[in-house]
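Undergrad: So that you have it, the file is coords27.csv, and it contains CSV, C-alpha atoms:
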chain,number,residue,atom,x,y,z
I,19,MET,CA,-36.4,-25.8,23.8
I,20,THR,CA,-33.4,-26.9,21.7
I,21,PRO,CA,-30.2,-24.7,21.3
I,22,ILE,CA,-31.2,-24.0,17.7
I,23,GLU,CA,-34.7,-22.9,18.8
I,24,LYS,CA,-33.2,-20.6,21.5
I,25,ALA,CA,-30.8,-19.1,19.0
I,26,GLU,CA,-33.6,-18.5,16.5
I,27,ARG,CA,-35.7,-16.8,19.2
I,28,THR,CA,-32.8,-14.6,20.1
I,29,LEU,CA,-32.4,-13.7,16.4
I,30,ARG,CA,-36.0,-12.6,16.2
I,31,ARG,CA,-35.8,-10.6,19.4
I,32,SER,CA,-32.5,-8.9,18.6
I,33,SER,CA,-33.9,-8.0,15.2
I,34,ALA,CA,-36.8,-6.2,16.8
I,35,PHE,CA,-34.4,-4.3,19.2
I,36,MET,CA,-32.2,-3.4,16.2
I,37,ALA,CA,-35.1,-1.8,14.5
I,38,LEU,CA,-36.0,0.0,17.7
I,39,GLY,CA,-32.4,1.2,18.0
I,40,LEU,CA,-32.4,2.6,14.4
I,41,LEU,CA,-35.6,4.5,15.1
I,42,LEU,CA,-34.1,5.9,18.3
I,43,MET,CA,-30.9,6.8,16.6
I,44,ALA,CA,-33.0,8.9,14.1
I,45,ALA,CA,-34.6,10.5,17.2
I,46,VAL,CA,-31.1,11.4,18.5
I,47,TYR,CA,-30.3,13.4,15.5
I,48,VAL,CA,-33.7,15.1,15.4
I,49,ARG,CA,-33.0,16.2,19.0
I,50,ALA,CA,-29.4,17.1,18.2
I,51,LEU,CA,-30.4,19.3,15.2
I,52,ALA,CA,-33.6,20.8,16.4
I,53,LEU,CA,-33.4,21.0,20.2
I,54,SER,CA,-29.7,21.2,21.1
I,55,PRO,CA,-28.1,24.7,21.0
I,56,VAL,CA,-25.3,25.5,18.4
I,57,GLU,CA,-21.9,25.5,20.1
I,58,ALA,CA,-20.6,29.1,20.2
I,59,THR,CA,-17.1,28.5,18.7
I,60,GLN,CA,-17.5,25.4,16.6
I,61,GLY,CA,-20.9,26.1,15.1
I,62,ALA,CA,-23.0,23.4,13.4
I,63,ALA,CA,-19.9,21.1,13.0
I,64,GLN,CA,-20.2,20.3,16.7
I,65,LYS,CA,-23.4,18.4,16.1
I,66,ILE,CA,-21.3,15.4,14.9
I,67,PHE,CA,-20.3,15.1,18.6
I,68,TYR,CA,-23.6,13.2,19.2
I,69,ILE,CA,-22.5,10.4,16.8
I,70,HIS,CA,-18.7,10.5,17.4
I,71,VAL,CA,-18.7,10.3,21.2
I,72,PRO,CA,-21.4,7.6,21.6
I,73,SER,CA,-19.7,5.5,18.9
I,74,ALA,CA,-16.4,5.7,20.9
I,75,TRP,CA,-18.2,4.7,24.1
I,76,VAL,CA,-19.8,1.6,22.6
I,77,ALA,CA,-16.5,0.7,20.8
I,78,PHE,CA,-14.6,0.8,24.1
I,79,LEU,CA,-17.5,-1.1,25.8
I,80,ALA,CA,-17.2,-3.7,23.1
I,81,PHE,CA,-13.5,-4.2,23.5
I,82,GLY,CA,-13.7,-4.2,27.3
I,83,LEU,CA,-16.2,-7.0,27.0
I,84,VAL,CA,-13.9,-8.8,24.6
I,85,GLY,CA,-11.2,-8.6,27.2
I,86,VAL,CA,-13.3,-9.9,30.1
I,87,CYS,CA,-14.9,-12.7,28.1
I,88,SER,CA,-11.5,-13.7,26.7
I,89,ALA,CA,-10.0,-13.9,30.2
I,90,LEU,CA,-12.9,-16.0,31.4
I,91,TYR,CA,-12.6,-18.3,28.4
I,92,LEU,CA,-9.0,-19.1,29.2
I,93,PHE,CA,-10.1,-20.3,32.6
I,94,LEU,CA,-13.5,-21.9,31.8
I,95,LYS,CA,-13.0,-23.1,28.2
I,96,ASP,CA,-16.7,-22.3,27.6
I,97,PRO,CA,-17.2,-21.8,23.8
I,98,ARG,CA,-20.1,-19.4,24.5
I,99,LEU,CA,-17.6,-16.9,26.0
I,100,ASP,CA,-15.5,-17.2,22.8
I,101,ARG,CA,-18.6,-16.6,20.6
I,102,PHE,CA,-19.6,-13.6,22.7
I,103,ALA,CA,-16.1,-12.1,22.6
I,104,ALA,CA,-16.0,-12.6,18.8
I,105,SER,CA,-19.4,-11.0,18.4
I,106,ALA,CA,-18.5,-8.0,20.5
I,107,ALA,CA,-15.2,-7.6,18.6
I,108,GLU,CA,-17.0,-7.5,15.3
I,109,VAL,CA,-19.4,-4.8,16.4
I,110,GLY,CA,-16.6,-2.9,18.2
I,111,VAL,CA,-14.6,-2.7,14.9
I,112,VAL,CA,-17.7,-1.3,13.1
I,113,PHE,CA,-18.1,1.4,15.7
I,114,THR,CA,-14.4,2.2,15.9
I,115,THR,CA,-14.6,2.7,12.1
I,116,VAL,CA,-17.4,5.2,12.7
I,117,VAL,CA,-15.2,7.0,15.2
I,118,LEU,CA,-12.3,7.2,12.8
I,119,VAL,CA,-14.5,8.5,10.0
I,120,THR,CA,-16.5,11.0,12.0
I,121,GLY,CA,-13.5,12.4,13.8
I,122,PRO,CA,-11.7,13.8,10.7
I,123,ILE,CA,-15.0,15.1,9.4
I,124,TRP,CA,-15.4,17.1,12.7
I,125,ALA,CA,-11.7,18.0,12.9
I,126,LYS,CA,-11.3,19.5,9.5
I,127,PRO,CA,-13.4,22.7,10.0
I,128,ILE,CA,-12.3,23.0,13.7
I,129,TRP,CA,-8.6,22.1,13.6
I,130,GLY,CA,-7.9,22.9,10.0
I,131,ALA,CA,-6.6,19.3,9.4
I,132,TRP,CA,-8.2,16.0,8.7
I,133,TRP,CA,-5.8,14.1,11.0
I,134,THR,CA,-3.1,14.8,13.5
I,135,TRP,CA,-0.8,12.2,15.0
I,136,ASP,CA,-1.6,12.9,18.7
I,137,ALA,CA,-1.9,10.2,21.4
I,138,ARG,CA,-5.6,9.6,21.3
I,139,LEU,CA,-6.0,9.5,17.5
I,140,THR,CA,-3.0,7.3,17.0
I,141,SER,CA,-3.8,4.9,19.8
I,142,THR,CA,-7.4,4.6,18.5
I,143,LEU,CA,-6.2,3.8,15.1
I,144,PHE,CA,-3.9,1.2,16.6
I,145,LEU,CA,-6.8,-0.3,18.5
I,146,TRP,CA,-8.7,-0.6,15.3
I,147,PHE,CA,-5.8,-2.5,13.7
I,148,ILE,CA,-5.5,-4.8,16.7
I,149,TYR,CA,-9.1,-5.9,16.5
I,150,PHE,CA,-9.2,-6.0,12.7
I,151,GLY,CA,-6.3,-8.4,13.1
I,152,TYR,CA,-8.3,-10.3,15.7
I,153,LEU,CA,-11.0,-10.9,13.2
I,154,VAL,CA,-8.5,-11.9,10.5
I,155,LEU,CA,-7.0,-14.3,13.0
I,156,ARG,CA,-10.3,-16.0,13.6
I,157,ARG,CA,-10.7,-16.5,9.9
I,158,ALA,CA,-7.2,-17.9,9.5
I,159,VAL,CA,-7.2,-20.5,12.3
I,160,GLU,CA,-9.7,-23.4,11.6
I,161,GLU,CA,-9.3,-25.6,14.7
I,162,PRO,CA,-11.9,-24.2,17.1
I,163,GLY,CA,-9.9,-24.6,20.4
I,164,ARG,CA,-6.7,-23.1,19.0
I,165,ARG,CA,-8.6,-20.3,17.4
I,166,ALA,CA,-10.4,-19.4,20.6
I,167,ARG,CA,-7.1,-19.5,22.6
I,168,TYR,CA,-5.2,-17.3,20.2
I,169,SER,CA,-8.1,-14.9,19.9
I,170,ALA,CA,-8.5,-14.7,23.7
I,171,VAL,CA,-4.9,-13.7,24.1
I,172,LEU,CA,-5.1,-11.0,21.5
I,173,GLY,CA,-8.5,-9.9,22.8
I,174,ILE,CA,-7.1,-9.4,26.3
I,175,LEU,CA,-4.0,-7.5,25.0
I,176,GLY,CA,-6.1,-5.2,22.9
I,177,SER,CA,-8.5,-4.4,25.7
I,178,LEU,CA,-5.6,-3.1,27.8
I,179,LEU,CA,-5.3,-0.2,25.3
I,180,VAL,CA,-8.8,1.1,26.1
I,181,PRO,CA,-8.1,2.8,29.5
I,182,PHE,CA,-4.9,4.3,28.0
I,183,ILE,CA,-6.9,5.9,25.2
I,184,HIS,CA,-9.4,7.3,27.8
I,185,VAL,CA,-6.7,9.0,29.9
I,186,SER,CA,-4.4,10.0,27.0
I,187,VAL,CA,-5.8,13.5,26.8
I,188,LEU,CA,-4.7,14.0,30.4
I,189,LEU,CA,-1.3,12.5,30.0
I,190,PHE,CA,-0.2,14.1,26.7
I,191,ARG,CA,-0.6,17.5,25.0
I,192,THR,CA,-3.4,17.0,22.4
I,193,LEU,CA,-5.9,18.9,20.4
I,194,HIS,CA,-8.6,16.7,21.8
I,195,PRO,CA,-10.7,18.5,24.5
I,196,LYS,CA,-10.5,17.2,28.1
I,197,PRO,CA,-13.5,15.1,29.4
I,198,VAL,CA,-16.7,17.1,29.5
I,199,VAL,CA,-18.8,14.5,31.5
I,200,LEU,CA,-16.5,12.3,33.5
I,201,ASN,CA,-14.3,14.9,35.3
I,202,SER,CA,-13.7,15.8,38.9
I,203,GLY,CA,-15.7,19.0,38.7
I,204,GLY,CA,-18.8,17.4,37.2
I,205,PRO,CA,-20.2,17.8,33.6
I,206,THR,CA,-19.2,21.0,31.8
I,207,LEU,CA,-21.7,20.8,29.0
I,208,PRO,CA,-24.8,23.0,29.1
I,209,GLY,CA,-28.0,21.2,30.2
I,210,ALA,CA,-29.6,20.8,26.8
I,211,MET,CA,-26.3,19.4,25.3
I,212,LEU,CA,-25.8,17.1,28.2
I,213,ALA,CA,-29.3,15.7,27.9
I,214,THR,CA,-28.8,15.0,24.2
I,215,LEU,CA,-25.5,13.4,24.8
I,216,LEU,CA,-26.9,11.1,27.5
I,217,PHE,CA,-29.8,10.2,25.3
I,218,SER,CA,-27.5,9.3,22.5
I,219,LEU,CA,-25.3,7.3,24.8
I,220,GLY,CA,-28.3,5.3,25.9
I,221,VAL,CA,-29.6,4.7,22.4
I,222,PHE,CA,-26.2,3.7,21.0
I,223,THR,CA,-25.8,1.2,24.0
I,224,ILE,CA,-29.2,-0.4,23.2
I,225,PHE,CA,-28.3,-0.6,19.5
I,226,PHE,CA,-24.9,-2.1,20.4
I,227,PHE,CA,-26.3,-4.9,22.6
I,228,SER,CA,-28.9,-5.7,20.0
I,229,LEU,CA,-26.2,-6.1,17.3
I,230,VAL,CA,-24.0,-8.2,19.6
I,231,ALA,CA,-27.0,-10.4,20.6
I,232,HIS,CA,-27.9,-10.8,16.9
I,233,ARG,CA,-24.4,-11.8,15.9
I,234,TYR,CA,-24.0,-14.1,18.9
I,235,ALA,CA,-27.2,-15.9,17.9
I,236,GLN,CA,-26.0,-16.3,14.3
I,237,ALA,CA,-22.7,-17.7,15.5
I,238,THR,CA,-24.5,-20.1,17.9
I,239,LEU,CA,-26.7,-21.4,15.0
I,240,ILE,CA,-23.7,-22.0,12.8
I,241,ASP,CA,-21.8,-23.8,15.5
I,242,THR,CA,-24.8,-25.9,16.6
I,243,ARG,CA,-25.7,-27.0,13.1
I,244,ALA,CA,-22.0,-27.8,12.4
I,245,GLU,CA,-21.9,-30.0,15.6
I,246,ALA,CA,-25.2,-31.7,14.6
I,247,ASP,CA,-23.8,-32.4,11.1
I,248,ASP,CA,-20.6,-33.8,12.6
I,249,ALA,CA,-22.6,-36.0,15.0
I,250,GLY,CA,-24.8,-37.2,12.1
Using the file provided, produce a representation of the structure as structure tokens.

TA:
Amino acid sequence: MTPIEKAERTLRRSSAFMALGLLLMAAVYVRALALSPVEATQGAAQKIFYIHVPSAWVAFLAFGLVGVCSALYLFLKDPRLDRFAASAAEVGVVFTTVVLVTGPIWAKPIWGAWWTWDARLTSTLFLWFIYFGYLVLRRAVEEPGRRARYSAVLGILGSLLVPFIHVSVLLFRTLHPKPVVLNSGGPTLPGAMLATLLFSLGVFTIFFFSLVAHRYAQATLIDTRAEADDAG
């Protein structure tokens, strides 16, 4: 099977998983609205939690993968690692945008303000700018080797911000709540809420990997056809 045939097969498979992911995401909100209890102090506004938190999880997963693949690229010079890092970055920027949109929607009725410049909010916005710049950089540099090297350095630096954002609510005074799942005393969410959250995390992860696989296959097709045209 040729590289183009493999990429086309990956496109078909990832498209199927994307469709499955969309159906499961609909199921997440059916469960969130119909089966999960209403939070006592926040009311129905808390339901956006089941989009906001999973979106943050997959965004951080995306940028963590960008950092790992970028570091490996600098050692191995394998263009597949560069393509995967770029694909993950694109999807990560999309989900970070969802985080930055759903956060203020949730914050307004609870905090009384759309935005506050606390550590987690500010650093998440900064992360978005870093990887938006990463994507702009990839458009601006035409020579593939140089583009991959410059992108890898920026991708690694940006990924270092992810663990800081995670622990920022423990290091600084913030309106953000402390972790409700990953804490020393175990999850603090009620069982029904925790089940919905875990379901949504799984669904968003499946959808994330289907998007990355789809974008990676598209990039592979473009690069392979360009190489074939150059050789011809």

Undergrad: Can you work out the spacing between CA of Glu161 (chain I) and CA of Gly110 (chain I) in Å, to one decimal?

TA: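 It comes out at 24.1 Å.
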
Undergrad: Rounded to one decimal in Å, what is the spacing between CA of Ser54 (chain I) and CA of Leu215 (chain I)?

TA: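 Computing it gives 9.6 Å between the two atoms.
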
Undergrad: Quick one: pull the distance between CA of Ala45 (chain I) and CA of Tyr234 (chain I), Å, one decimal.

TA: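 Separation between CA of Ala45 (chain I) and CA of Tyr234 (chain I): 26.8 Å.
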
Undergrad: Residues near Pro127 (chain I), anyone? I mean within 12 Å using all atoms listed in the file, not counting same-chain ones fewer than 2 positions away, as a list in words.

TA: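 Final neighbour list, sorted by chain and number: Thr59, Gln60, Gly61, Ala62, Ala63, Gln64, Ile66, Gly121, Pro122, Ile123, Trp124, Ala125, Trp129, Gly130, Ala131, Trp132 and Trp133 of chain I.
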
Undergrad: Taking all atoms listed in the file into account, name the residue in I:Ala237, I:Ala166, I:Val116, I:Ala158 that is nearest to Ile22 (chain I).

TA: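 Checking each of I:Ala237, I:Ala166, I:Val116, I:Ala158 against Ile22 (chain I), counting all atoms listed in the file, the winner is I:Ala237.
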
Undergrad: For Leu216 (chain I), which of I:Leu53, I:Gly39, I:Leu29, I:Tyr68 is the closest residue, counting all atoms listed in the file?

TA: I:Tyr68

Undergrad: Please list as a VMD selection string every residue within 12 Å of Phe35 (chain I), counting only C-alpha atoms and excluding residues in the same chain fewer than 3 positions away.

TA: chain I and resid 28 to 32 38 to 43 221 to 232

Undergrad: Pick the closest to Gly176 (chain I) from I:Val117, I:Val84, I:Leu212, I:Leu189: which is it, counting all atoms listed in the file?

TA: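 Using all atoms listed in the file, Gly176 (chain I) sits closest to I:Val84.
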